[in-house]
$ cat coords34.cif   # mmCIF, C-alpha atoms
data_protein
#
loop_
_atom_site.label_atom_id
_atom_site.label_comp_id
_atom_site.auth_asym_id
_atom_site.auth_seq_id
_atom_site.Cartn_x
_atom_site.Cartn_y
_atom_site.Cartn_z
CA MET A 1 45.59 2.57 82.79
CA ARG A 2 44.04 -0.62 81.54
CA LEU A 3 42.19 -1.16 84.79
CA ASN A 4 41.06 2.43 84.70
CA GLY A 5 39.74 1.92 81.17
CA ARG A 6 37.81 -1.15 82.20
CA ASN A 7 36.36 0.66 85.19
CA LEU A 8 35.27 3.44 82.93
CA HIS A 9 33.73 1.01 80.52
CA ALA A 10 31.30 -0.19 83.17
CA LEU A 11 29.96 3.36 83.32
CA ALA A 12 28.26 2.90 79.93
CA GLY A 13 25.05 1.84 81.70
CA PRO A 14 24.79 4.71 84.19
CA TYR A 15 25.89 7.09 81.43
CA ALA A 16 23.02 6.05 79.14
CA LEU A 17 20.55 6.56 82.00
CA ASP A 18 21.89 10.04 82.87
CA ALA A 19 23.02 8.67 86.23
CA LEU A 20 26.55 10.12 86.25
CA ASP A 21 27.52 13.41 87.80
CA ASP A 22 29.05 16.06 85.53
CA LEU A 23 32.63 15.16 86.35
CA GLU A 24 32.23 11.46 85.69
CA ARG A 25 30.24 12.09 82.56
CA GLU A 26 33.07 14.19 81.15
CA ARG A 27 35.60 11.49 81.99
CA PHE A 28 33.43 8.87 80.37
CA GLU A 29 32.88 10.96 77.26
CA ARG A 30 36.64 11.36 76.89
CA HIS A 31 36.94 7.58 77.15
CA LEU A 32 34.18 7.13 74.55
CA ARG A 33 36.08 9.11 71.99
CA GLY A 34 38.72 6.40 71.79
CA CYS A 35 36.46 3.38 72.22
CA ARG A 36 34.36 2.22 69.26
CA ALA A 37 32.94 -0.73 71.20
CA CYS A 38 31.74 1.62 73.94
CA GLU A 39 30.10 3.89 71.43
CA SER A 40 28.12 1.03 69.98
CA GLU A 41 27.13 -0.20 73.42
CA VAL A 42 26.08 3.26 74.56
CA ARG A 43 23.90 3.68 71.48
CA GLY A 44 22.12 0.44 72.21
CA PHE A 45 21.61 1.45 75.84
CA VAL A 46 20.32 4.89 74.91
CA ALA A 47 17.87 3.31 72.46
CA THR A 48 16.79 1.01 75.31
CA ALA A 49 16.27 4.02 77.55
CA THR A 50 14.06 5.44 74.78
CA ALA A 51 11.83 2.38 75.12
CA LEU A 52 11.61 3.05 78.87
CA ALA A 53 10.56 6.62 78.13
CA MET A 54 7.98 5.58 75.51
CA ALA A 55 6.51 3.16 78.04
CA ALA A 56 6.03 6.05 80.47
CA ALA A 57 3.84 8.02 78.05
CA VAL A 58 0.79 9.74 79.56
CA PRO A 59 -1.61 12.16 77.89
CA PRO A 60 -0.09 15.64 78.19
CA PRO A 61 -2.06 18.46 79.88
CA ALA A 62 -4.73 20.01 77.67
CA GLY A 63 -3.34 23.53 77.46
CA LEU A 64 0.21 22.48 76.67
CA LYS A 65 -0.18 22.09 72.92
CA ALA A 66 -1.58 25.58 72.34
CA ARG A 67 1.18 27.13 74.41
CA VAL A 68 3.95 25.19 72.69
CA LEU A 69 2.60 25.95 69.21
CA ALA A 70 2.17 29.62 70.14
CA ALA A 71 5.73 29.78 71.39
CA THR A 72 7.06 28.32 68.12
CA THR A 73 5.58 31.23 66.17
CA VAL A 74 7.84 33.65 68.01
CA THR A 75 10.91 31.46 68.45
CA ARG A 76 13.70 31.60 65.93
CA GLN A 77 15.21 28.26 65.01
CA LEU A 78 18.90 27.45 65.09
CA PRO A 79 20.57 27.26 61.70
CA PRO A 80 22.12 23.93 60.70
CA LEU A 81 25.70 23.31 61.75
CA LEU A 82 27.70 23.54 58.54
CA GLY A 83 30.24 20.79 58.10
CA ALA A 84 29.03 18.97 61.16
CA ARG A 85 27.14 16.33 59.24
CA GLY A 86 27.61 14.31 56.12
CA GLU A 87 31.36 14.31 56.48
CA GLU A 88 33.07 11.02 57.04
CA GLY A 89 35.42 12.41 59.62
CA THR A 90 32.74 13.70 61.93
CA ARG A 91 30.33 10.77 61.84
CA SER A 92 32.07 8.67 64.40
CA ARG A 93 32.66 11.18 67.12
CA PRO A 94 30.87 9.51 69.99
CA ALA A 95 31.44 12.23 72.54
CA ARG A 96 28.81 14.38 70.91
CA LEU A 97 26.28 11.61 70.86
CA LEU A 98 24.32 12.83 73.82
CA ARG A 99 25.41 16.13 75.16
CA SER A 100 26.22 18.93 72.82
CA PRO A 101 25.04 19.98 70.34
CA TRP A 102 21.84 18.02 70.80
CA ALA A 103 20.88 19.39 74.12
CA PRO A 104 22.02 22.96 74.46
CA ARG A 105 20.75 24.22 77.75
CA LEU A 106 18.53 27.11 78.43
CA ALA A 107 19.06 28.75 81.76
CA LEU A 108 17.40 26.45 84.24
CA ALA A 109 15.68 29.29 85.97
CA VAL A 110 13.74 30.25 82.87
CA GLY A 111 10.20 28.97 83.24
CA ALA A 112 7.91 27.96 80.45
CA ALA A 113 6.30 31.36 80.15
CA GLY A 114 9.71 32.93 80.37
CA VAL A 115 10.84 31.10 77.28
CA ALA A 116 7.97 32.48 75.25
CA ALA A 117 8.46 35.91 76.74
CA ALA A 118 12.14 35.96 75.87
CA ALA A 119 11.33 34.96 72.31
CA VAL A 120 8.75 37.72 72.00
CA LEU A 121 11.17 40.26 73.42
CA ALA A 122 13.74 39.25 70.86
CA ALA A 123 11.19 39.58 68.09
CA VAL A 124 10.03 42.97 69.30
CA GLN A 125 13.54 44.30 69.52
CA VAL A 126 14.29 43.61 65.89
CA SER A 127 11.11 45.25 64.64
CA THR A 128 10.98 48.70 63.13
CA GLN A 129 9.52 50.82 65.87
CA ASP A 130 8.23 53.62 63.71
CA GLN A 131 5.47 51.45 62.32
CA LEU A 132 4.15 50.42 65.67
CA ASN A 133 2.48 53.73 66.52
CA SER A 134 -1.12 52.80 67.20
CA VAL A 135 -0.28 49.48 68.71
CA GLU A 136 0.40 48.46 72.25
CA THR A 137 3.75 46.78 72.24
CA HIS A 138 4.38 45.98 75.86
CA SER A 139 6.10 42.67 75.66
CA GLN A 140 4.87 41.66 79.12
CA ASP A 141 1.33 41.98 77.84
CA ILE A 142 2.17 39.83 74.84
CA ALA A 143 3.81 37.26 77.07
CA ALA A 144 0.72 37.30 79.31
CA VAL A 145 -1.48 36.36 76.36
CA LEU A 146 0.87 33.59 75.24
CA ALA A 147 1.05 32.21 78.76
CA ALA A 148 -2.69 32.49 79.48
CA PRO A 149 -4.15 29.09 80.39
CA ASP A 150 -6.93 29.60 77.83
CA ALA A 151 -4.64 30.76 75.01
CA ARG A 152 -5.78 29.38 71.64
CA ILE A 153 -3.96 29.54 68.38
CA ALA A 154 -5.09 29.54 64.76
CA SER A 155 -3.46 30.20 61.44
CA ALA A 156 -4.70 30.75 57.90
CA PRO A 157 -3.07 31.32 54.52
CA THR A 158 -3.47 34.76 52.97
CA SER A 159 -4.46 35.54 49.39
CA VAL A 160 -1.05 37.13 48.73
CA GLY A 161 0.94 34.19 50.10
CA GLY A 162 2.29 33.41 53.53
CA SER A 163 0.15 32.87 56.58
CA ALA A 164 -1.47 34.80 59.41
CA ILE A 165 -1.10 33.46 62.93
CA VAL A 166 -3.18 34.54 65.87
CA VAL A 167 -3.10 33.67 69.57
CA VAL A 168 -6.18 34.66 71.56
CA SER A 169 -7.03 34.60 75.24
CA ARG A 170 -10.70 34.97 76.09
CA THR A 171 -10.03 35.87 79.73
CA GLU A 172 -7.49 38.52 78.73
CA GLN A 173 -9.73 39.67 75.84
CA LYS A 174 -6.51 40.09 73.93
CA MET A 175 -5.02 38.80 70.76
CA VAL A 176 -1.45 38.51 69.53
CA PHE A 177 -1.03 38.57 65.76
CA THR A 178 2.03 37.55 63.79
CA SER A 179 2.59 36.53 60.21
CA ALA A 180 5.09 34.62 58.16
CA GLY A 181 5.85 34.85 54.47
CA LEU A 182 3.83 37.98 53.65
CA PRO A 183 5.33 39.84 50.69
CA ALA A 184 7.13 43.07 51.60
CA LEU A 185 5.22 46.24 50.73
CA PRO A 186 6.51 49.48 49.21
CA SER A 187 7.04 52.23 51.79
CA THR A 188 3.78 53.89 50.69
CA GLN A 189 1.72 50.93 51.92
CA VAL A 190 1.20 49.02 55.13
CA TYR A 191 -0.63 45.89 56.33
CA GLU A 192 -3.42 46.91 58.67
CA LEU A 193 -5.05 44.62 61.18
CA TRP A 194 -8.81 44.70 61.86
CA LEU A 195 -11.20 43.26 64.38
CA LEU A 196 -14.33 42.52 62.41
CA GLY A 197 -17.54 42.41 64.41
CA PRO A 198 -21.01 42.06 62.90
CA GLY A 199 -21.20 45.03 60.50
CA THR A 200 -18.18 46.84 61.97
CA ALA A 201 -14.45 46.96 61.40
CA ARG A 202 -12.26 48.25 64.25
CA PRO A 203 -8.65 49.12 63.45
CA ALA A 204 -6.39 46.88 65.54
CA GLY A 205 -2.95 48.10 64.56
CA LEU A 206 -0.43 48.18 61.76
CA LEU A 207 1.88 45.27 61.12
CA PRO A 208 5.56 46.15 61.40
CA ALA A 209 7.61 45.59 58.26
CA PRO A 210 8.56 41.91 57.99
CA VAL A 211 12.01 40.95 59.24
CA GLY A 212 13.29 37.67 57.87
CA GLY A 213 9.84 37.02 56.39
CA LYS A 214 8.07 37.40 59.73
CA THR A 215 6.29 40.31 61.33
CA ALA A 216 6.85 41.03 64.99
CA PRO A 217 3.91 40.24 67.24
CA VAL A 218 1.18 42.87 67.45
CA LEU A 219 -1.09 42.96 70.46
CA ALA A 220 -4.75 43.97 70.20
CA SER A 221 -7.04 44.47 73.20
CA GLY A 222 -10.81 44.47 73.58
CA VAL A 223 -11.31 41.33 71.56
CA ARG A 224 -14.93 40.10 71.59
CA ALA A 225 -16.12 36.55 71.28
CA ASP A 226 -17.80 37.07 67.89
CA ASP A 227 -14.92 39.00 66.34
CA LYS A 228 -13.04 37.88 63.30
CA VAL A 229 -9.60 39.14 62.47
CA GLY A 230 -8.72 40.52 59.06
CA VAL A 231 -5.76 42.15 57.31
CA THR A 232 -5.88 44.69 54.47
CA VAL A 233 -3.26 46.59 52.52
CA GLU A 234 -3.64 50.32 53.25
CA PRO A 235 -1.78 53.56 52.55
CA ALA A 236 1.17 54.14 54.89
CA GLY A 237 -0.09 55.33 58.25
CA GLY A 238 -3.22 53.22 58.02
CA THR A 239 -6.89 54.15 57.76
CA SER A 240 -9.87 54.15 60.09
CA SER A 241 -11.85 51.73 57.94
CA PRO A 242 -10.73 49.17 55.36
CA THR A 243 -10.37 50.45 51.79
CA THR A 244 -9.28 47.23 50.08
CA THR A 245 -10.34 43.60 50.03
CA PRO A 246 -8.83 41.75 52.98
CA ILE A 247 -5.97 39.39 52.17
CA VAL A 248 -7.19 37.17 54.99
CA VAL A 249 -10.21 36.94 57.29
CA MET A 250 -10.20 34.35 60.01
CA ALA A 251 -12.45 33.41 62.90
CA LEU A 252 -10.87 33.69 66.32
CA PRO A 253 -10.32 30.31 68.00
CA LEU A 254 -12.24 31.21 71.14
CA MET B 255 -7.81 19.04 61.93
CA GLY B 256 -5.55 21.12 64.08
CA PRO B 257 -5.18 24.80 63.41
CA PHE B 258 -1.55 24.47 62.52
CA ARG B 259 -1.71 22.17 59.56
CA SER B 260 -0.10 23.95 56.67
CA ALA B 261 -1.82 24.06 53.30
CA HIS B 262 0.12 20.99 52.20
CA GLY B 263 -0.27 19.09 55.43
CA PRO B 264 -2.96 16.42 55.32
CA ALA B 265 -4.00 14.62 58.48
CA GLN B 266 -1.85 11.63 57.49
CA ARG B 267 1.15 13.67 58.49
CA SER B 268 1.34 11.90 61.82
CA ASP B 269 1.97 8.61 60.04
CA GLN B 270 5.04 9.96 58.40
CA ASP B 271 8.37 8.85 59.65
CA LEU B 272 9.39 10.91 62.63
CA ASP B 273 12.89 11.42 61.24
CA ASN B 274 11.45 13.00 58.08
CA LEU B 275 9.10 15.15 60.12
CA LEU B 276 12.02 16.56 62.09
CA THR B 277 13.78 17.42 58.85
CA LEU B 278 10.70 19.41 57.83
CA VAL B 279 10.56 21.05 61.26
CA ALA B 280 14.15 22.22 60.80
CA ARG B 281 12.89 24.11 57.72
CA GLY B 282 10.25 25.89 59.79
CA ASP B 283 7.28 23.69 58.88
CA GLN B 284 4.79 24.22 61.69
CA GLY B 285 2.44 21.54 60.40
CA ALA B 286 5.25 19.01 60.69
CA PHE B 287 6.00 20.28 64.18
CA GLU B 288 2.40 19.75 65.21
CA ALA B 289 2.66 16.15 63.98
CA VAL B 290 5.87 15.70 65.98
CA TYR B 291 4.07 17.16 68.99
CA ASP B 292 1.18 14.73 68.60
CA ARG B 293 3.56 11.79 68.50
CA MET B 294 6.04 12.83 71.17
CA ALA B 295 4.28 15.04 73.73
CA GLY B 296 2.91 11.99 75.60
CA PRO B 297 6.28 10.27 76.06
CA VAL B 298 8.03 13.59 76.74
CA TYR B 299 5.55 14.62 79.41
CA GLY B 300 5.38 11.06 80.75
CA VAL B 301 9.10 10.57 81.28
CA ILE B 302 9.44 14.01 82.84
CA ARG B 303 6.51 13.23 85.18
CA LYS B 304 8.21 9.99 86.21
CA VAL B 305 11.33 11.87 87.24
CA LEU B 306 9.87 15.08 88.66
CA ARG B 307 6.51 13.80 89.95
CA ASP B 308 5.11 17.30 90.35
CA PRO B 309 2.59 17.89 87.52
CA ALA B 310 3.03 21.68 87.27
CA GLN B 311 6.81 21.47 87.21
CA SER B 312 6.64 18.61 84.72
CA GLU B 313 4.43 20.60 82.39
CA GLU B 314 6.82 23.52 82.54
CA VAL B 315 9.82 21.35 81.71
CA ALA B 316 7.88 19.54 78.97
CA GLN B 317 7.05 22.88 77.37
CA GLU B 318 10.73 23.87 77.46
CA VAL B 319 11.75 20.56 75.92
CA LEU B 320 9.16 20.66 73.12
CA LEU B 321 10.10 24.22 72.26
CA GLU B 322 13.73 23.09 72.29
CA VAL B 323 12.83 20.43 69.72
CA TRP B 324 11.43 23.18 67.49
CA ARG B 325 14.40 25.43 68.05
CA THR B 326 17.17 22.89 67.57
CA ALA B 327 15.58 20.55 64.99
CA SER B 328 18.39 21.39 62.54
CA ARG B 329 20.83 19.72 64.94
CA PHE B 330 19.10 16.35 64.77
CA ASP B 331 21.38 13.95 62.92
CA PRO B 332 19.71 10.66 61.91
CA SER B 333 23.10 8.98 61.61
CA ARG B 334 23.43 9.20 65.39
CA GLY B 335 20.16 7.65 66.42
CA SER B 336 16.41 7.83 65.94
CA ALA B 337 14.35 10.98 66.21
CA ALA B 338 12.46 9.54 69.19
CA THR B 339 15.77 8.93 70.95
CA TRP B 340 16.91 12.47 70.21
CA VAL B 341 13.72 14.01 71.59
CA LEU B 342 13.52 11.77 74.66
CA THR B 343 17.20 12.20 75.48
CA ILE B 344 16.63 15.94 75.66
CA ALA B 345 13.52 15.37 77.80
CA HIS B 346 15.20 13.04 80.28
CA ARG B 347 18.31 15.21 80.52
CA ARG B 348 16.24 18.29 81.19
CA ALA B 349 14.27 16.52 83.90
CA ILE B 350 17.51 15.30 85.52
CA ASP B 351 18.98 18.81 85.32
CA ARG B 352 15.94 20.08 87.17
CA VAL B 353 16.29 17.41 89.86
CA ARG B 354 20.00 18.02 90.34
CA SER B 355 19.56 21.78 90.53
CA GLU B 356 17.12 21.36 93.38
CA THR B 357 18.29 21.27 96.93
CA ALA B 358 15.06 20.26 98.63
CA ALA B 359 16.17 16.90 99.94
CA SER B 360 12.81 16.27 101.54
CA GLN B 361 11.20 16.05 98.13
CA ARG B 362 13.41 13.17 97.18
CA GLU B 363 11.47 10.49 99.02
CA LEU B 364 8.40 11.19 96.96
CA ARG B 365 10.28 10.45 93.81
CA SER B 366 11.41 7.01 94.85
CA ALA B 367 7.84 5.75 94.64
CA PRO B 368 7.45 2.98 92.07
CA PRO B 369 6.60 3.92 88.49
CA GLU B 370 2.96 4.76 87.89
CA PRO B 371 0.97 2.54 85.57
CA VAL B 372 0.59 3.88 82.07
CA ALA B 373 -2.70 5.68 81.54
CA VAL B 374 -4.88 4.08 78.90
CA ASP B 375 -7.59 5.66 76.81
CA ASP B 376 -9.30 4.32 73.74
CA THR B 377 -7.45 6.06 70.92
CA ALA B 378 -5.49 3.80 68.60
CA GLU B 379 -2.27 5.59 69.38
CA SER B 380 -2.52 5.04 73.10
CA VAL B 381 -3.51 1.41 72.63
CA GLU B 382 -0.33 1.03 70.68
CA ALA B 383 1.52 2.88 73.41
CA SER B 384 0.09 0.66 76.12
CA LEU B 385 1.05 -2.46 74.19
CA GLU B 386 4.57 -1.10 73.99
CA ALA B 387 4.46 -0.33 77.70
CA GLU B 388 3.32 -3.88 78.40
CA ARG B 389 6.22 -5.25 76.39
CA VAL B 390 8.69 -3.09 78.32
CA ARG B 391 7.11 -4.19 81.60
CA ARG B 392 7.46 -7.83 80.65
CA CYS B 393 11.10 -7.38 79.76
CA LEU B 394 11.73 -5.51 83.03
CA ASP B 395 10.18 -8.48 84.82
CA GLY B 396 12.79 -10.70 83.19
CA LEU B 397 15.61 -8.91 85.01
CA THR B 398 16.94 -9.78 88.44
CA ASP B 399 15.47 -7.65 91.22
CA LEU B 400 18.71 -5.76 91.67
CA GLN B 401 19.07 -5.07 87.95
CA ARG B 402 15.47 -3.89 87.67
CA GLU B 403 15.54 -1.69 90.74
CA SER B 404 18.88 -0.14 89.78
CA ILE B 405 17.63 0.75 86.31
CA THR B 406 14.24 2.09 87.35
CA LEU B 407 15.63 4.11 90.26
CA ALA B 408 18.26 5.61 87.98
CA TYR B 409 16.08 6.30 84.94
CA TYR B 410 12.58 6.87 86.29
CA GLY B 411 13.69 7.96 89.76
CA GLY B 412 16.35 10.34 88.48
CA TYR B 413 18.97 9.15 90.97
CA SER B 414 22.68 9.08 90.24
CA TYR B 415 24.17 5.60 90.47
CA PRO B 416 25.95 6.38 93.78
CA GLN B 417 22.55 7.42 95.17
CA VAL B 418 21.06 4.20 93.82
CA ALA B 419 23.84 2.25 95.53
CA SER B 420 23.06 3.98 98.79
CA LEU B 421 19.30 3.45 98.48
CA LEU B 422 19.78 -0.25 97.73
CA ASP B 423 22.55 -0.59 100.29
CA THR B 424 24.81 -2.17 97.71
CA ALA B 425 28.44 -1.57 96.71
CA LEU B 426 29.01 1.08 94.05
CA GLY B 427 30.82 -1.29 91.70
CA THR B 428 27.99 -3.81 91.94
CA ILE B 429 25.38 -1.22 90.99
CA LYS B 430 27.47 -0.09 88.02
CA THR B 431 27.70 -3.59 86.62
CA ARG B 432 24.07 -4.49 87.45
CA ILE B 433 22.86 -1.47 85.51
CA ARG B 434 24.99 -2.45 82.56
CA ASP B 435 24.06 -6.14 82.67
CA GLY B 436 20.41 -5.23 83.10
CA LEU B 437 20.48 -2.89 80.13
CA ILE B 438 22.06 -5.59 77.97
CA ARG B 439 19.26 -8.01 78.88
CA LEU B 440 16.60 -5.37 78.44
CA ARG B 441 18.01 -4.31 75.06
CA ASP B 442 18.08 -7.91 73.82
CA CYS B 443 14.60 -8.68 75.20
CA LEU B 444 13.14 -5.61 73.49
CA GLY B 445 14.99 -6.32 70.25
CA VAL B 446 16.13 -2.71 70.21
CA SER B 447 17.87 -1.72 67.01
CA TRP B 448 20.38 1.08 67.00
#
$ encode --input "coords34.cif" --output "structure tokens"
Amino acid sequence: MRLNGRNLHALAGPYALDALDDLERERFERHLRGCRACESEVRGFVATATALAMAAAVPPPAGLKARVLAATTVTRQLPPLLGARGEEGTRSRPARLLRSPWAPRLALAVGAAGVAAAAVLAAVQVSTQDQLNSVETHSQDIAAVLAAPDARIASAPTSVGGSAIVVVSRTEQKMVFTSAGLPALPSTQVYELWLLGPGTARPAGLLPAPVGGKTAPVLASGVRADDKVGVTVEPAGGTSSPTTTPIVVMALPL
Amino acid sequence: MGPFRSAHGPAQRSDQDLDNLLTLVARGDQGAFEAVYDRMAGPVYGVIRKVLRDPAQSEEVAQEVLLEVWRTASRFDPSRGSAATWVLTIAHRRAIDRVRSETAASQRELRSAPPEPVAVDDTAESVEASLEAERVRRCLDGLTDLQRESITLAYYGGYSYPQVASLLDTALGTIKTRIRDGLIRLRDCLGVSW
């Protein structure tokens, strides 16, 4: 067993570089659990690998940032693991250093656009459908806007608190609108979305009631380059032109 | 100023400690996430490019990884290592997963090409990054050939250590120990703290 342990110990290097197959990694992680010296060595090696990664830095592709930020607006975050940190007994469990829960896997087949699409689908499913009447809610269309190479994102605070978030694609002439932190309205009122051109206001849909402080994405088509987007509080069912002062007006990031 | 700065998020955000930024990200702070993106997207994309080579595939994986950072920020535990290590461990793992899930053996040769030089532009951040890259390169040069090749083939090339042994025509046990010895030297040369 001793020889076996020593053999395993030499795997600390390949382990830190992700150069073990699944089976060997599991064996090594079991060994780590009972080996304080290995844990310390692995940490040092992993930190060294970090330096190798930092040295490989290259400027990321231009469109990546907008897509990542857009995807975060429709992606729910994991809650903290209760009892998994700050307790003496759990601090020194080396086996969890690298694998779970730090790197839970998404299905490998899910592409970048797929991730955003799945998040949007989830958001749409929890929305209250009855308030979506005048709005296109095809999640594929929403995903298409988020995944468009020219997708741009902007956000602005509103006068009643919270923020409005908009993703626009010029080529698609479409806009996806979401919000976070807007106060809930009584059932007699609704947030209405507008596309504001020079001297005109076109109704662009009603925001669904917030769930968990966020409104599900609303898609608006026929967006023009000089449009601004605005939100007003209107009687339930919405109106054909704004009747109150907008809580937010923002230029589209085209 | 980026569109995602929150009302409280001045431009100096990016100078804040990355660990603290991740804590804010876990609370849903999108301004903090943008600052994390600005700091980490280059290394994340870079290390994935090293392993996968293909730019389109690398971008796709990088997007997954960065979104994963947003999604799982609450699971970052500073007592286990730095925020940069947490992010880049996810990135490298995800790139390796992609390599291992592929069966196209013919693609493999492309990936054994030597590491590309680090791109330099004139922003302060990338000057800093290229200085760091230079330091890493110098420390890599201080290793024996076998140590250096084993480490770069494994980490940048995405090969398992038995594959590295085969590529270098060297016994498995030798590669295992060369990787470990090389990492010890590299760690000490870089003055890595952990």
$ resolve_selection --input "coords34.cif" --expression "the PyMOL selection byres ((chain A and resi 190) around 7)" --output "VMD selection string"
chain A and resid 185 189 191 to 192 206 233 to 236 238
$ write_last_selection --input "coords34.cif" --atoms "C-alpha atoms" --output "compact mmCIF listing (two decimals), in the coordinates of the input"
# COMPACT_ATOMS: atom_id res chain seq x y z
CA LEU A 185 5.22 46.24 50.73
CA GLN A 189 1.72 50.93 51.92
CA TYR A 191 -0.63 45.89 56.33
CA GLU A 192 -3.42 46.91 58.67
CA LEU A 206 -0.43 48.18 61.76
CA VAL A 233 -3.26 46.59 52.52
CA GLU A 234 -3.64 50.32 53.25
CA PRO A 235 -1.78 53.56 52.55
CA ALA A 236 1.17 54.14 54.89
CA GLY A 238 -3.22 53.22 58.02
$ residues_around --input "coords34.cif" --residues "Val315 of chain B" --least-positions-apart "3" --cutoff "9 Å" --atoms "all atoms listed in the file" --output "PyMOL selection string"
(chain A and resi 111-112) or (chain B and resi 299+302+310-312+318-320+345+348-349+352)
$ closest_atom_pairs --input "coords34.cif" --of "chain A" --to "chain B" --cutoff "8 Å" --atoms "only C-alpha atoms" --output "tab-separated table"
residue	atom	partner	partner_atom	distance
A:Ala10	CA	B:Thr431	CA	6.0
A:Leu11	CA	B:Lys430	CA	6.3
A:Ala12	CA	B:Arg434	CA	6.8
A:Gly13	CA	B:Arg434	CA	4.4
A:Pro14	CA	B:Tyr415	CA	6.4
A:Leu17	CA	B:Tyr409	CA	5.4
A:Asp18	CA	B:Arg347	CA	6.7
A:Ala19	CA	B:Ser414	CA	4.0
A:Leu20	CA	B:Ser414	CA	5.7
A:Asp21	CA	B:Ser414	CA	6.9
A:Arg43	CA	B:Trp448	CA	6.3
A:Gly44	CA	B:Trp448	CA	5.5
A:Phe45	CA	B:Leu437	CA	6.2
A:Val46	CA	B:Thr339	CA	7.3
A:Ala47	CA	B:Thr339	CA	6.2
A:Thr48	CA	B:Arg441	CA	5.5
A:Ala49	CA	B:Tyr409	CA	7.7
A:Thr50	CA	B:Thr339	CA	5.5
A:Ala51	CA	B:Val390	CA	7.1
A:Leu52	CA	B:Val390	CA	6.8
A:Ala53	CA	B:Val301	CA	5.3
A:Met54	CA	B:Pro297	CA	5.0
A:Ala55	CA	B:Ala387	CA	4.1
A:Ala56	CA	B:Gly300	CA	5.1
A:Ala57	CA	B:Pro297	CA	3.9
A:Val58	CA	B:Gly300	CA	4.9
A:Pro59	CA	B:Gly296	CA	5.1
A:Pro60	CA	B:Gly296	CA	5.4
A:Pro61	CA	B:Glu313	CA	7.3
A:Leu64	CA	B:Gln317	CA	6.9
A:Lys65	CA	B:Tyr291	CA	7.6
A:Arg67	CA	B:Gln317	CA	7.8
A:Val68	CA	B:Gln317	CA	6.1
A:Leu69	CA	B:Glu288	CA	7.4
A:Ala71	CA	B:Leu321	CA	7.1
A:Thr72	CA	B:Leu321	CA	6.6
A:Thr75	CA	B:Arg325	CA	7.0
A:Arg76	CA	B:Arg325	CA	6.6
A:Gln77	CA	B:Arg325	CA	4.2
A:Leu78	CA	B:Thr326	CA	5.5
A:Pro79	CA	B:Ser328	CA	6.3
A:Pro80	CA	B:Ser328	CA	4.9
A:Leu81	CA	B:Arg329	CA	6.8
A:Arg85	CA	B:Asp331	CA	7.2
A:Arg91	CA	B:Ser333	CA	7.5
A:Leu97	CA	B:Arg334	CA	6.6
A:Leu98	CA	B:Thr343	CA	7.3
A:Pro101	CA	B:Arg329	CA	6.9
A:Trp102	CA	B:Arg329	CA	6.2
A:Ala103	CA	B:Ile344	CA	5.7
A:Leu108	CA	B:Arg352	CA	7.2
A:Gly111	CA	B:Glu314	CA	6.5
A:Ala112	CA	B:Glu314	CA	5.0
A:Val115	CA	B:Glu318	CA	7.2
A:Ile153	CA	B:Pro257	CA	7.0
A:Ala154	CA	B:Pro257	CA	4.9
A:Ser155	CA	B:Pro257	CA	6.0
A:Pro157	CA	B:Ala261	CA	7.5
$ atom_distance --input "coords34.cif" --atom1 "atom CA of Ala216 of chain A" --atom2 "atom CA of Phe177 of chain A"
8.3 Å
$ closest_residue --input "coords34.cif" --among "A:His31, A:His9, A:Arg170, A:Arg152" --to "Ser221 of chain A" --atoms "all atoms listed in the file"
A:Arg170
$ atom_distance --input "coords34.cif" --atom1 "atom CA of Arg202 of chain A" --atom2 "atom CA of Pro242 of chain A"
9.1 Å
$ residues_around --input "coords34.cif" --residues "Val167 of chain A" --least-positions-apart "3" --cutoff "12 Å" --atoms "only C-alpha atoms" --output "ChimeraX atom specification"
/A:66-74,142-155,164,170,172-179,217-220,223,229,250-254 /B:257-258
$ resolve_selection --input "coords34.cif" --expression "the PyMOL selection byres ((chain A and resi 244) around 10)" --output "VMD selection string"
chain A and resid 231 to 234 241 to 243 245 to 247
$ atom_distance --input "coords34.cif" --atom1 "atom CA of Glu403 of chain B" --atom2 "atom CA of Cys35 of chain A"
28.4 Å
$ axis_aligned_box --input "coords34.cif" --around "segment 397-409 of chain B" --padding-each-side "6 Å" --output "AutoDock Vina command-line options"
--center_x 16.7 --center_y -1.7 --center_z 88.3 --size_x 16.8 --size_y 28.1 --size_z 18.7
$ closest_residue --input "coords34.cif" --among "A:Val211, A:Val249, A:Ala184, A:Leu195" --to "Thr158 of chain A" --atoms "all atoms listed in the file"
A:Val249
